[in-house]
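Shown next: data.cif, given as mmCIF, C-alpha atoms, pLDDT in the B column; chains and numbers go by the auth columns.
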```cif
data_work
loop_
_atom_site.group_PDB
_atom_site.id
_atom_site.type_symbol
_atom_site.label_atom_id
_atom_site.label_comp_id
_atom_site.label_asym_id
_atom_site.label_seq_id
_atom_site.Cartn_x
_atom_site.Cartn_y
_atom_site.Cartn_z
_atom_site.B_iso_or_equiv
_atom_site.auth_seq_id
_atom_site.auth_asym_id
ATOM 1 C CA MET A 1 62.572 282.940 71.667 81.00 1290 K
ATOM 2 C CA LEU A 2 59.498 285.149 71.570 95.00 1291 K
ATOM 3 C CA SER A 3 59.734 288.583 73.135 98.00 1292 K
ATOM 4 C CA LEU A 4 57.118 291.197 73.963 98.00 1293 K
ATOM 5 C CA GLU A 5 59.640 293.418 75.705 98.00 1294 K
ATOM 6 C CA GLY A 6 58.639 297.075 75.746 97.00 1295 K
ATOM 7 C CA LYS A 7 55.057 296.432 74.640 98.00 1296 K
ATOM 8 C CA THR A 8 51.807 297.088 76.488 98.00 1297 K
ATOM 9 C CA ALA A 9 48.867 294.748 75.987 99.00 1298 K
ATOM 10 C CA VAL A 10 45.178 294.889 76.875 99.00 1299 K
ATOM 11 C CA ILE A 11 43.616 291.443 77.280 99.00 1300 K
ATOM 12 C CA THR A 12 39.869 291.111 77.752 98.00 1301 K
ATOM 13 C CA GLY A 13 38.286 288.265 79.670 98.00 1302 K
ATOM 14 C CA ALA A 14 41.560 288.028 81.598 98.00 1303 K
ATOM 15 C CA ALA A 15 40.212 287.149 85.037 98.00 1304 K
ATOM 16 C CA ARG A 16 40.285 283.413 84.430 97.00 1305 K
ATOM 17 C CA GLY A 17 40.943 280.617 81.971 95.00 1306 K
ATOM 18 C CA GLN A 18 42.509 281.382 78.658 96.00 1307 K
ATOM 19 C CA GLY A 19 42.691 285.151 79.208 98.00 1308 K
ATOM 20 C CA ALA A 20 44.484 284.804 82.539 98.00 1309 K
ATOM 21 C CA GLU A 21 46.941 282.331 81.006 98.00 1310 K
ATOM 22 C CA ALA A 22 47.672 284.751 78.163 98.00 1311 K
ATOM 23 C CA ALA A 23 48.221 287.610 80.635 98.00 1312 K
ATOM 24 C CA ARG A 24 50.738 285.568 82.619 98.00 1313 K
ATOM 25 C CA LEU A 25 52.591 284.495 79.479 98.00 1314 K
ATOM 26 C CA PHE A 26 52.691 288.032 78.094 98.00 1315 K
ATOM 27 C CA ALA A 27 54.205 289.256 81.358 98.00 1316 K
ATOM 28 C CA ARG A 28 56.840 286.493 81.281 98.00 1317 K
ATOM 29 C CA LEU A 29 57.719 287.580 77.747 98.00 1318 K
ATOM 30 C CA GLY A 30 58.329 291.145 78.945 98.00 1319 K
ATOM 31 C CA ALA A 31 55.043 292.900 78.233 98.00 1320 K
ATOM 32 C CA ARG A 32 53.155 295.164 80.578 98.00 1321 K
ATOM 33 C CA VAL A 33 49.626 293.839 80.771 98.00 1322 K
ATOM 34 C CA VAL A 34 46.239 295.418 81.411 99.00 1323 K
ATOM 35 C CA LEU A 35 43.785 292.727 82.450 99.00 1324 K
ATOM 36 C CA ALA A 36 40.201 293.654 81.618 99.00 1325 K
ATOM 37 C CA ASP A 37 37.087 291.832 82.813 98.00 1326 K
ATOM 38 C CA VAL A 38 33.814 292.158 84.701 98.00 1327 K
ATOM 39 C CA ARG A 39 34.917 289.646 87.373 98.00 1328 K
ATOM 40 C CA ASP A 40 36.688 292.264 89.455 98.00 1329 K
ATOM 41 C CA ASP A 41 37.865 290.181 92.403 98.00 1330 K
ATOM 42 C CA LEU A 42 39.303 287.438 90.203 98.00 1331 K
ATOM 43 C CA GLY A 43 40.860 289.962 87.836 98.00 1332 K
ATOM 44 C CA ARG A 44 42.578 291.881 90.607 98.00 1333 K
ATOM 45 C CA GLU A 45 43.860 288.624 92.066 98.00 1334 K
ATOM 46 C CA VAL A 46 45.421 287.543 88.769 98.00 1335 K
ATOM 47 C CA ALA A 47 46.957 290.991 88.251 98.00 1336 K
ATOM 48 C CA ALA A 48 48.406 290.984 91.781 98.00 1337 K
ATOM 49 C CA GLY A 49 49.909 287.568 91.136 98.00 1338 K
ATOM 50 C CA ILE A 50 51.651 288.867 88.018 98.00 1339 K
ATOM 51 C CA GLY A 51 53.119 291.854 89.838 97.00 1340 K
ATOM 52 C CA ALA A 52 54.049 295.446 89.036 95.00 1341 K
ATOM 53 C CA GLY A 53 53.826 294.928 85.288 97.00 1342 K
ATOM 54 C CA ALA A 54 50.109 294.221 85.463 98.00 1343 K
ATOM 55 C CA HIS A 55 47.069 296.416 86.041 98.00 1344 K
ATOM 56 C CA TYR A 56 43.401 295.477 86.275 98.00 1345 K
ATOM 57 C CA VAL A 57 40.485 297.475 84.828 98.00 1346 K
ATOM 58 C CA HIS A 58 36.758 296.791 84.923 98.00 1347 K
ATOM 59 C CA LEU A 59 35.509 296.464 81.346 98.00 1348 K
ATOM 60 C CA ASP A 60 32.123 295.550 79.957 98.00 1349 K
ATOM 61 C CA VAL A 61 33.126 294.945 76.350 98.00 1350 K
ATOM 62 C CA THR A 62 29.638 295.836 75.085 98.00 1351 K
ATOM 63 C CA ASP A 63 29.921 299.413 76.392 98.00 1352 K
ATOM 64 C CA ALA A 64 31.863 301.956 74.298 98.00 1353 K
ATOM 65 C CA SER A 65 32.381 304.225 77.315 98.00 1354 K
ATOM 66 C CA HIS A 66 34.044 301.353 79.189 98.00 1355 K
ATOM 67 C CA TRP A 67 36.418 300.876 76.277 99.00 1356 K
ATOM 68 C CA ALA A 68 37.334 304.564 76.281 98.00 1357 K
ATOM 69 C CA ALA A 69 38.034 304.410 80.013 98.00 1358 K
ATOM 70 C CA ALA A 70 40.138 301.248 79.651 98.00 1359 K
ATOM 71 C CA VAL A 71 42.247 302.798 76.897 98.00 1360 K
ATOM 72 C CA ASP A 72 42.736 305.972 78.954 98.00 1361 K
ATOM 73 C CA ALA A 73 43.752 303.925 82.004 98.00 1362 K
ATOM 74 C CA THR A 74 46.231 301.898 79.942 98.00 1363 K
ATOM 75 C CA ARG A 75 47.935 305.009 78.607 98.00 1364 K
ATOM 76 C CA GLU A 76 47.913 306.652 82.046 98.00 1365 K
ATOM 77 C CA VAL A 77 49.497 303.661 83.803 98.00 1366 K
ATOM 78 C CA PHE A 78 51.882 302.402 81.107 98.00 1367 K
ATOM 79 C CA GLY A 79 52.179 305.279 78.643 98.00 1368 K
ATOM 80 C CA ARG A 80 51.234 303.448 75.452 98.00 1369 K
ATOM 81 C CA LEU A 81 49.107 300.691 73.929 98.00 1370 K
ATOM 82 C CA ASP A 82 50.586 298.200 71.467 98.00 1371 K
ATOM 83 C CA ILE A 83 48.496 295.023 71.658 99.00 1372 K
ATOM 84 C CA LEU A 84 44.824 294.146 72.039 99.00 1373 K
ATOM 85 C CA VAL A 85 43.624 290.600 72.640 99.00 1374 K
ATOM 86 C CA ASN A 86 39.854 290.333 72.237 99.00 1375 K
ATOM 87 C CA ASN A 87 39.417 287.212 74.333 98.00 1376 K
ATOM 88 C CA ALA A 88 36.211 287.895 76.298 98.00 1377 K
ATOM 89 C CA GLY A 89 33.257 285.814 75.199 97.00 1378 K
ATOM 90 C CA VAL A 90 30.163 283.872 76.163 97.00 1379 K
ATOM 91 C CA PHE A 91 29.091 280.410 75.048 95.00 1380 K
ATOM 92 C CA ARG A 92 25.674 278.814 74.841 92.00 1381 K
ATOM 93 C CA SER A 93 24.735 275.485 73.302 93.00 1382 K
ATOM 94 C CA LEU A 94 21.098 275.243 72.232 94.00 1383 K
ATOM 95 C CA PRO A 95 19.223 274.251 69.081 96.00 1384 K
ATOM 96 C CA LEU A 96 18.011 277.220 67.062 96.00 1385 K
ATOM 97 C CA HIS A 97 14.354 276.738 67.928 97.00 1386 K
ATOM 98 C CA GLU A 98 15.163 276.866 71.659 97.00 1387 K
ATOM 99 C CA GLU A 99 17.496 279.878 71.608 96.00 1388 K
ATOM 100 C CA SER A 100 15.643 283.062 72.493 97.00 1389 K
ATOM 101 C CA PRO A 101 16.119 286.218 70.422 97.00 1390 K
ATOM 102 C CA GLU A 102 17.350 287.983 73.571 98.00 1391 K
ATOM 103 C CA ALA A 103 20.032 285.351 74.254 97.00 1392 K
ATOM 104 C CA PHE A 104 21.050 285.344 70.584 98.00 1393 K
ATOM 105 C CA GLU A 105 21.487 289.123 70.601 98.00 1394 K
ATOM 106 C CA GLU A 106 23.391 289.086 73.897 98.00 1395 K
ATOM 107 C CA THR A 107 25.860 286.560 72.483 98.00 1396 K
ATOM 108 C CA LEU A 108 26.397 288.736 69.427 98.00 1397 K
ATOM 109 C CA ARG A 109 26.927 291.810 71.605 98.00 1398 K
ATOM 110 C CA VAL A 110 29.633 290.198 73.721 98.00 1399 K
ATOM 111 C CA ASN A 111 31.382 288.083 71.085 98.00 1400 K
ATOM 112 C CA LEU A 112 31.131 290.375 68.057 98.00 1401 K
ATOM 113 C CA VAL A 113 30.124 293.917 69.011 98.00 1402 K
ATOM 114 C CA GLY A 114 32.630 293.831 71.908 98.00 1403 K
ATOM 115 C CA PRO A 115 35.661 293.219 69.658 99.00 1404 K
ATOM 116 C CA PHE A 116 34.299 295.762 67.158 99.00 1405 K
ATOM 117 C CA LEU A 117 34.189 298.421 69.873 99.00 1406 K
ATOM 118 C CA GLY A 118 37.622 297.377 71.099 99.00 1407 K
ATOM 119 C CA MET A 119 39.260 297.669 67.700 99.00 1408 K
ATOM 120 C CA ARG A 120 37.724 301.106 67.214 98.00 1409 K
ATOM 121 C CA ALA A 121 38.962 302.203 70.633 98.00 1410 K
ATOM 122 C CA VAL A 122 42.589 301.111 70.207 98.00 1411 K
ATOM 123 C CA ARG A 123 43.120 302.287 66.625 98.00 1412 K
ATOM 124 C CA ALA A 124 44.200 305.852 67.458 98.00 1413 K
ATOM 125 C CA PRO A 125 46.553 304.998 70.364 98.00 1414 K
ATOM 126 C CA MET A 126 48.159 302.234 68.282 98.00 1415 K
ATOM 127 C CA ILE A 127 48.734 304.683 65.436 98.00 1416 K
ATOM 128 C CA ARG A 128 50.374 307.054 67.941 97.00 1417 K
ATOM 129 C CA ALA A 129 52.560 304.158 69.126 97.00 1418 K
ATOM 130 C CA GLY A 130 53.735 303.535 65.569 98.00 1419 K
ATOM 131 C CA GLY A 131 51.674 300.389 64.968 98.00 1420 K
ATOM 132 C CA GLY A 132 50.359 297.446 66.893 98.00 1421 K
ATOM 133 C CA ALA A 133 48.793 293.998 66.875 99.00 1422 K
ATOM 134 C CA ILE A 134 45.221 292.869 67.476 99.00 1423 K
ATOM 135 C CA VAL A 135 44.372 289.229 68.091 99.00 1424 K
ATOM 136 C CA ASN A 136 40.707 288.273 67.969 99.00 1425 K
ATOM 137 C CA VAL A 137 39.785 284.992 69.642 98.00 1426 K
ATOM 138 C CA SER A 138 37.183 283.323 67.463 98.00 1427 K
ATOM 139 C CA SER A 139 36.538 279.551 67.486 97.00 1428 K
ATOM 140 C CA ILE A 140 36.419 276.525 65.244 96.00 1429 K
ATOM 141 C CA ALA A 141 32.693 277.340 65.243 97.00 1430 K
ATOM 142 C CA GLY A 142 33.773 280.308 63.113 97.00 1431 K
ATOM 143 C CA LEU A 143 35.396 277.973 60.585 97.00 1432 K
ATOM 144 C CA THR A 144 32.689 275.334 60.183 95.00 1433 K
ATOM 145 C CA GLY A 145 29.043 274.929 61.033 94.00 1434 K
ATOM 146 C CA ILE A 146 28.452 273.099 64.321 93.00 1435 K
ATOM 147 C CA ALA A 147 25.000 272.128 65.526 95.00 1436 K
ATOM 148 C CA ARG A 148 23.578 273.783 68.652 95.00 1437 K
ATOM 149 C CA THR A 149 25.776 276.880 68.315 95.00 1438 K
ATOM 150 C CA GLY A 150 23.442 279.328 66.563 97.00 1439 K
ATOM 151 C CA GLY A 151 24.263 282.582 68.333 98.00 1440 K
ATOM 152 C CA TYR A 152 27.782 281.507 69.234 97.00 1441 K
ATOM 153 C CA GLY A 153 28.615 280.280 65.751 98.00 1442 K
ATOM 154 C CA ALA A 154 27.134 283.374 64.122 98.00 1443 K
ATOM 155 C CA SER A 155 29.207 285.625 66.389 98.00 1444 K
ATOM 156 C CA LYS A 156 32.429 283.734 65.705 98.00 1445 K
ATOM 157 C CA TRP A 157 31.901 283.655 61.931 98.00 1446 K
ATOM 158 C CA GLY A 158 31.234 287.385 62.155 98.00 1447 K
ATOM 159 C CA LEU A 159 34.412 287.977 64.141 98.00 1448 K
ATOM 160 C CA ARG A 160 36.390 286.036 61.555 98.00 1449 K
ATOM 161 C CA GLY A 161 35.101 288.336 58.805 98.00 1450 K
ATOM 162 C CA LEU A 162 35.475 291.499 60.867 98.00 1451 K
ATOM 163 C CA THR A 163 39.113 290.570 61.491 99.00 1452 K
ATOM 164 C CA LYS A 164 39.820 290.574 57.765 98.00 1453 K
ATOM 165 C CA VAL A 165 38.086 293.925 57.252 98.00 1454 K
ATOM 166 C CA ALA A 166 40.124 295.472 60.075 99.00 1455 K
ATOM 167 C CA ALA A 167 43.343 293.963 58.695 99.00 1456 K
ATOM 168 C CA LEU A 168 42.704 295.656 55.351 98.00 1457 K
ATOM 169 C CA GLU A 169 41.767 299.006 56.875 98.00 1458 K
ATOM 170 C CA PHE A 170 44.384 299.170 59.655 99.00 1459 K
ATOM 171 C CA GLY A 171 47.328 297.757 57.717 98.00 1460 K
ATOM 172 C CA GLU A 172 48.490 301.092 56.313 98.00 1461 K
ATOM 173 C CA HIS A 173 49.048 302.238 59.903 98.00 1462 K
ATOM 174 C CA GLY A 174 51.220 299.251 60.782 98.00 1463 K
ATOM 175 C CA ILE A 175 48.458 297.566 62.799 99.00 1464 K
ATOM 176 C CA ARG A 176 48.154 293.824 62.219 99.00 1465 K
ATOM 177 C CA VAL A 177 44.860 292.019 62.893 99.00 1466 K
ATOM 178 C CA ASN A 178 44.562 288.238 63.044 99.00 1467 K
ATOM 179 C CA SER A 179 42.102 285.687 64.414 98.00 1468 K
ATOM 180 C CA VAL A 180 42.715 282.469 66.308 98.00 1469 K
ATOM 181 C CA HIS A 181 40.212 279.613 66.303 98.00 1470 K
ATOM 182 C CA PRO A 182 40.454 277.373 69.363 97.00 1471 K
ATOM 183 C CA GLY A 183 38.890 273.946 69.425 93.00 1472 K
ATOM 184 C CA ILE A 184 38.111 272.039 72.612 87.00 1473 K
ATOM 185 C CA ILE A 185 40.062 273.834 75.365 89.00 1474 K
ATOM 186 C CA ASP A 186 39.857 273.009 79.081 86.00 1475 K
ATOM 187 C CA THR A 187 38.517 276.288 80.525 82.00 1476 K
ATOM 188 C CA PRO A 188 35.831 277.193 83.087 76.00 1477 K
ATOM 189 C CA MET A 189 33.575 278.405 80.271 71.00 1478 K
ATOM 190 C CA VAL A 190 32.995 274.887 78.977 66.00 1479 K
ATOM 191 C CA GLU A 191 33.002 273.116 82.332 67.00 1480 K
ATOM 192 C CA GLY A 192 30.310 270.458 82.262 62.00 1481 K
ATOM 193 C CA ILE A 193 30.020 270.675 78.458 62.00 1482 K
ATOM 194 C CA ALA A 194 33.393 269.507 77.188 64.00 1483 K
ATOM 195 C CA PRO A 195 35.361 266.647 78.779 65.00 1484 K
ATOM 196 C CA PRO A 196 38.211 267.822 81.033 66.00 1485 K
ATOM 197 C CA ALA A 197 41.838 267.599 80.013 65.00 1486 K
ATOM 198 C CA GLY A 198 43.300 264.192 80.801 64.00 1487 K
ATOM 199 C CA ALA A 199 39.907 262.507 80.644 63.00 1488 K
ATOM 200 C CA GLY A 200 41.096 260.064 77.992 66.00 1489 K
ATOM 201 C CA ASN A 201 41.553 259.510 74.288 74.00 1490 K
ATOM 202 C CA HIS A 202 39.447 261.906 72.196 77.00 1491 K
ATOM 203 C CA PRO A 203 38.810 260.503 68.694 80.00 1492 K
ATOM 204 C CA ALA A 204 37.422 263.847 67.403 81.00 1493 K
ATOM 205 C CA VAL A 205 40.838 265.443 68.025 87.00 1494 K
ATOM 206 C CA ALA A 206 43.756 264.373 65.840 88.00 1495 K
ATOM 207 C CA LEU A 207 46.190 264.772 68.749 89.00 1496 K
ATOM 208 C CA ARG A 208 43.784 262.745 70.926 86.00 1497 K
ATOM 209 C CA ARG A 209 43.722 265.216 73.794 87.00 1498 K
ATOM 210 C CA ILE A 210 41.799 268.246 74.981 86.00 1499 K
ATOM 211 C CA GLY A 211 43.648 271.518 74.583 90.00 1500 K
ATOM 212 C CA LEU A 212 44.953 273.578 77.472 93.00 1501 K
ATOM 213 C CA PRO A 213 44.855 277.373 77.882 95.00 1502 K
ATOM 214 C CA ARG A 214 48.607 277.507 77.341 96.00 1503 K
ATOM 215 C CA ASP A 215 48.159 275.966 73.886 96.00 1504 K
ATOM 216 C CA VAL A 216 46.139 278.994 72.820 98.00 1505 K
ATOM 217 C CA ALA A 217 48.177 281.550 74.787 98.00 1506 K
ATOM 218 C CA GLY A 218 51.359 280.585 72.945 98.00 1507 K
ATOM 219 C CA LEU A 219 49.749 281.206 69.570 98.00 1508 K
ATOM 220 C CA VAL A 220 48.268 284.511 70.717 98.00 1509 K
ATOM 221 C CA ALA A 221 51.677 285.645 71.984 98.00 1510 K
ATOM 222 C CA PHE A 222 53.297 284.746 68.670 98.00 1511 K
ATOM 223 C CA LEU A 223 50.705 286.705 66.686 98.00 1512 K
ATOM 224 C CA ALA A 224 51.151 289.691 69.006 98.00 1513 K
ATOM 225 C CA SER A 225 54.931 289.629 68.694 98.00 1514 K
ATOM 226 C CA ASP A 226 57.275 291.019 66.055 98.00 1515 K
ATOM 227 C CA ALA A 227 57.973 287.426 64.995 98.00 1516 K
ATOM 228 C CA ALA A 228 54.626 287.637 63.166 98.00 1517 K
ATOM 229 C CA GLY A 229 55.453 291.035 61.702 98.00 1518 K
ATOM 230 C CA PHE A 230 54.274 290.188 58.163 98.00 1519 K
ATOM 231 C CA LEU A 231 51.188 288.249 59.219 98.00 1520 K
ATOM 232 C CA THR A 232 47.813 289.975 59.097 98.00 1521 K
ATOM 233 C CA GLY A 233 44.296 289.014 58.074 98.00 1522 K
ATOM 234 C CA ALA A 234 45.116 285.399 58.908 98.00 1523 K
ATOM 235 C CA GLU A 235 42.920 282.842 60.642 98.00 1524 K
ATOM 236 C CA VAL A 236 44.756 280.154 62.587 98.00 1525 K
ATOM 237 C CA ALA A 237 43.091 277.068 64.065 97.00 1526 K
ATOM 238 C CA VAL A 238 44.515 275.848 67.371 97.00 1527 K
ATOM 239 C CA ASP A 239 42.408 272.739 67.745 94.00 1528 K
ATOM 240 C CA GLY A 240 44.634 269.694 67.827 93.00 1529 K
ATOM 241 C CA GLY A 241 43.660 268.927 64.254 93.00 1530 K
ATOM 242 C CA SER A 242 39.908 268.835 64.864 90.00 1531 K
ATOM 243 C CA THR A 243 39.086 270.771 61.712 92.00 1532 K
ATOM 244 C CA ALA A 244 41.536 268.805 59.563 91.00 1533 K
ATOM 245 C CA GLY A 245 38.724 266.347 58.942 75.00 1534 K
ATOM 246 C CA GLN A 246 35.258 265.811 60.355 57.00 1535 K
ATOM 247 C CA ALA A 247 34.214 268.615 62.706 45.00 1536 K
ATOM 248 C CA PRO A 248 33.830 267.688 66.384 46.00 1537 K
ATOM 249 C CA ALA A 249 30.522 267.929 68.184 49.00 1538 K
ATOM 250 C CA VAL A 250 31.813 270.090 71.069 47.00 1539 K
ATOM 251 C CA VAL A 251 33.490 273.484 70.897 46.00 1540 K
ATOM 252 C CA ARG A 252 34.974 275.906 73.363 46.00 1541 K
ATOM 253 C CA ALA A 253 34.265 279.584 73.772 43.00 1542 K
ATOM 254 C CA GLY A 254 36.749 282.355 73.205 46.00 1543 K
#
```
Would it be possible to restate this file's structure as structure tokens?
Amino acid sequence: MLSLEGKTAVITGAARGQGAEAARLFARLGARVVLADVRDDLGREVAAGIGAGAHYVHLDVTDASHWAAAVDATREVFGRLDILVNNAGVFRSLPLHEESPEAFEETLRVNLVGPFLGMRAVRAPMIRAGGGAIVNVSSIAGLTGIARTGGYGASKWGLRGLTKVAALEFGEHGIRVNSVHPGIIDTPMVEGIAPPAGAGNHPAVALRRIGLPRDVAGLVAFLASDAAGFLTGAEVAVDGGSTAGQAPAVVRAG
């Protein structure tokens, strides 16, 4: 039985989809949860549904001052910060010659610079707490090249590498840093791009089904928990076996 009892977690992109599912699971496992997003109404609604152990903060992950404010709010409300889940992300699917430099840079800022700023912001409070766990949500597009994912794929490969650097640098302080790599997951971010869950047999997925947010949330909770206490610098695919063989043509965003 996993437990996050006594821990406080910040989860970005928590207003919907995978982030909201992770926030609910963390709360059920005993954690106090700070939900961070730019979708304020949705975020507050999810936090209210969780109850007294949840708090919502507005956070633009590309803004260092927002990160400082979110960390301050977390410590003010719950007294400590033990876990960061860098889940917020954007996804675009275009061939390289059609992707504008501006869109490419925006994707990098959200998907790569955002987690970079987040890890910098939580380092000191985690050291004060005696250690911690950071889970970066990458993608199978960060494990293998997938056509039409130039900016997205570049950001997720970058996040995979940044995770390993942080694991090496933060380890002496008892802070573990790991990345998860979801495959096709039924979330609002890929609505209209990936087939919905239950749509039928999916030959590109070994388990023949589309993943659900809870499939990823369970892995994230494990990596954040003491059950993974000797696991850092790891990259774990949660993709139904998609990357066990030929890569699928459709990915999800983290």
Just say which residues the PyMOL selection byres ((chain K and resi 1412) around 10) picks in this file, as a list in words.
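Output from the PyMOL selection byres ((chain K and resi 1412) around 10), applied to this file: Leu1370, Asp1371, Leu1373, Gly1407, Met1408, Arg1409, Ala1410, Val1411, Ala1413, Pro1414, Met1415, Ile1416, Arg1417, Ala1418, Gly1420, Gly1421, Ile1423, Ala1455, Phe1459, His1462 and Ile1464 of chain K.
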Do you have the CA of Ala1336 (chain K)-CA of Gly1308 (chain K) distance handy?
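CA of Ala1336 (chain K) sits 11.6 Å away from CA of Gly1308 (chain K).
Remark: for Ala1517 (chain K), the closest of the candidate residues K:Ala1436, K:Ala1422, K:Glu1461, K:Gly1529 is K:Ala1422 (distances computed over all atoms listed in the file).
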Skip region 1380-1390 of chain K itself and residues of its chain fewer than 4 positions away, then list as a PyMOL selection string all residues within 7 Å of it, counting only C-alpha atoms.
chain K and resi 1394+1437-1439+1441+1542
Work out how far CA of Thr1521 (chain K) is from CA of Thr1301 (chain K), in Å to one decimal.
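It comes out at 20.3 Å.
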Residue with smallest distance to Ser1427 (chain K) - pool K:Arg1465, K:His1470, K:Arg1398, K:Arg1497, counting only C-alpha atoms
K:His1470
If we count all atoms listed in the file and set the cut-off at 8 Å, which residues sit around Asp1352 (chain K), ignoring sequence neighbours fewer than 4 positions away in its own chain? Please answer as a count of residues only.
3
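The residue that comes closest to Pro1404 (chain K), out of K:Gly1472, K:Gly1368, K:Gly1450, K:Gly1442 and on the basis of all atoms listed in the file, is K:Gly1450.
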Convert the output of the PyMOL selection byres ((chain K and resi 1334) around 12) on the shown file into explicit residues, formatted as a PyMOL selection string.
chain K and resi 1303-1305+1309+1324+1326+1328-1333+1335-1340+1343-1346
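Distances to Ala1495 (chain K) were evaluated for K:Gly1342, K:Gly1306, K:Gly1507, K:Gly1534 using all atoms listed in the file, and the minimum falls at K:Gly1534.
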Identify the residues around (43.3, 293.5, 59.2) within a radius of 7 Å, measuring from all atoms listed in the file in the coordinates stated by the file, and give them as an MDAnalysis selection string.
chainID K and resid 1452:1460 1465:1467 1521:1522
Separation of CA of Gly1447 (chain K) and CA of Val1374 (chain K), in Å?
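Separating CA of Gly1447 (chain K) from CA of Val1374 (chain K) is a distance of 16.5 Å.
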How would region 1362-1382 of chain K of the given structure read as a file with N, CA and C atoms, as a compact mmCIF listing (two decimals), in the first residue's frame?
```txt
# COMPACT_ATOMS: atom_id res chain seq x y z
N ALA K 1362 3.53 30.27 -1.03
CA ALA K 1362 2.16 29.94 -0.65
C ALA K 1362 2.08 28.52 -0.08
N THR K 1363 2.80 27.60 -0.68
CA THR K 1363 2.80 26.21 -0.21
C THR K 1363 3.32 26.13 1.21
N ARG K 1364 4.41 26.81 1.49
CA ARG K 1364 4.98 26.77 2.84
C ARG K 1364 4.10 27.51 3.84
N GLU K 1365 3.43 28.58 3.38
CA GLU K 1365 2.55 29.33 4.27
C GLU K 1365 1.32 28.51 4.66
N VAL K 1366 0.75 27.80 3.68
CA VAL K 1366 -0.49 27.05 3.93
C VAL K 1366 -0.22 25.72 4.63
N PHE K 1367 0.83 25.00 4.19
CA PHE K 1367 1.05 23.65 4.68
C PHE K 1367 2.36 23.46 5.44
N GLY K 1368 3.20 24.48 5.48
CA GLY K 1368 4.38 24.42 6.34
C GLY K 1368 5.63 23.80 5.76
N ARG K 1369 5.51 23.09 4.64
CA ARG K 1369 6.67 22.42 4.06
C ARG K 1369 6.39 22.05 2.61
N LEU K 1370 7.43 21.60 1.91
CA LEU K 1370 7.27 21.17 0.52
C LEU K 1370 8.16 19.95 0.32
N ASP K 1371 7.53 18.83 -0.03
CA ASP K 1371 8.25 17.56 -0.15
C ASP K 1371 8.29 17.00 -1.57
N ILE K 1372 7.29 17.35 -2.39
CA ILE K 1372 7.14 16.72 -3.70
C ILE K 1372 6.80 17.78 -4.73
N LEU K 1373 7.41 17.67 -5.90
CA LEU K 1373 7.03 18.48 -7.06
C LEU K 1373 6.75 17.55 -8.23
N VAL K 1374 5.59 17.74 -8.84
CA VAL K 1374 5.25 17.02 -10.07
C VAL K 1374 5.15 18.05 -11.18
N ASN K 1375 6.13 18.03 -12.08
CA ASN K 1375 6.11 18.93 -13.24
C ASN K 1375 5.28 18.29 -14.34
N ASN K 1376 3.99 18.55 -14.28
CA ASN K 1376 3.04 17.92 -15.20
C ASN K 1376 2.56 18.86 -16.30
N ALA K 1377 2.59 20.17 -16.06
CA ALA K 1377 2.06 21.13 -17.04
C ALA K 1377 2.80 21.00 -18.37
N GLY K 1378 2.05 21.11 -19.46
CA GLY K 1378 2.69 21.02 -20.76
C GLY K 1378 1.74 21.42 -21.88
N VAL K 1379 2.32 21.66 -23.04
CA VAL K 1379 1.53 21.94 -24.24
C VAL K 1379 1.97 20.97 -25.33
N PHE K 1380 1.05 20.71 -26.26
CA PHE K 1380 1.32 19.75 -27.33
C PHE K 1380 0.87 20.33 -28.66
N ARG K 1381 1.75 20.26 -29.63
CA ARG K 1381 1.41 20.63 -31.00
C ARG K 1381 1.94 19.54 -31.92
N SER K 1382 1.19 19.28 -32.99
CA SER K 1382 1.61 18.27 -33.96
C SER K 1382 1.65 18.91 -35.34
```
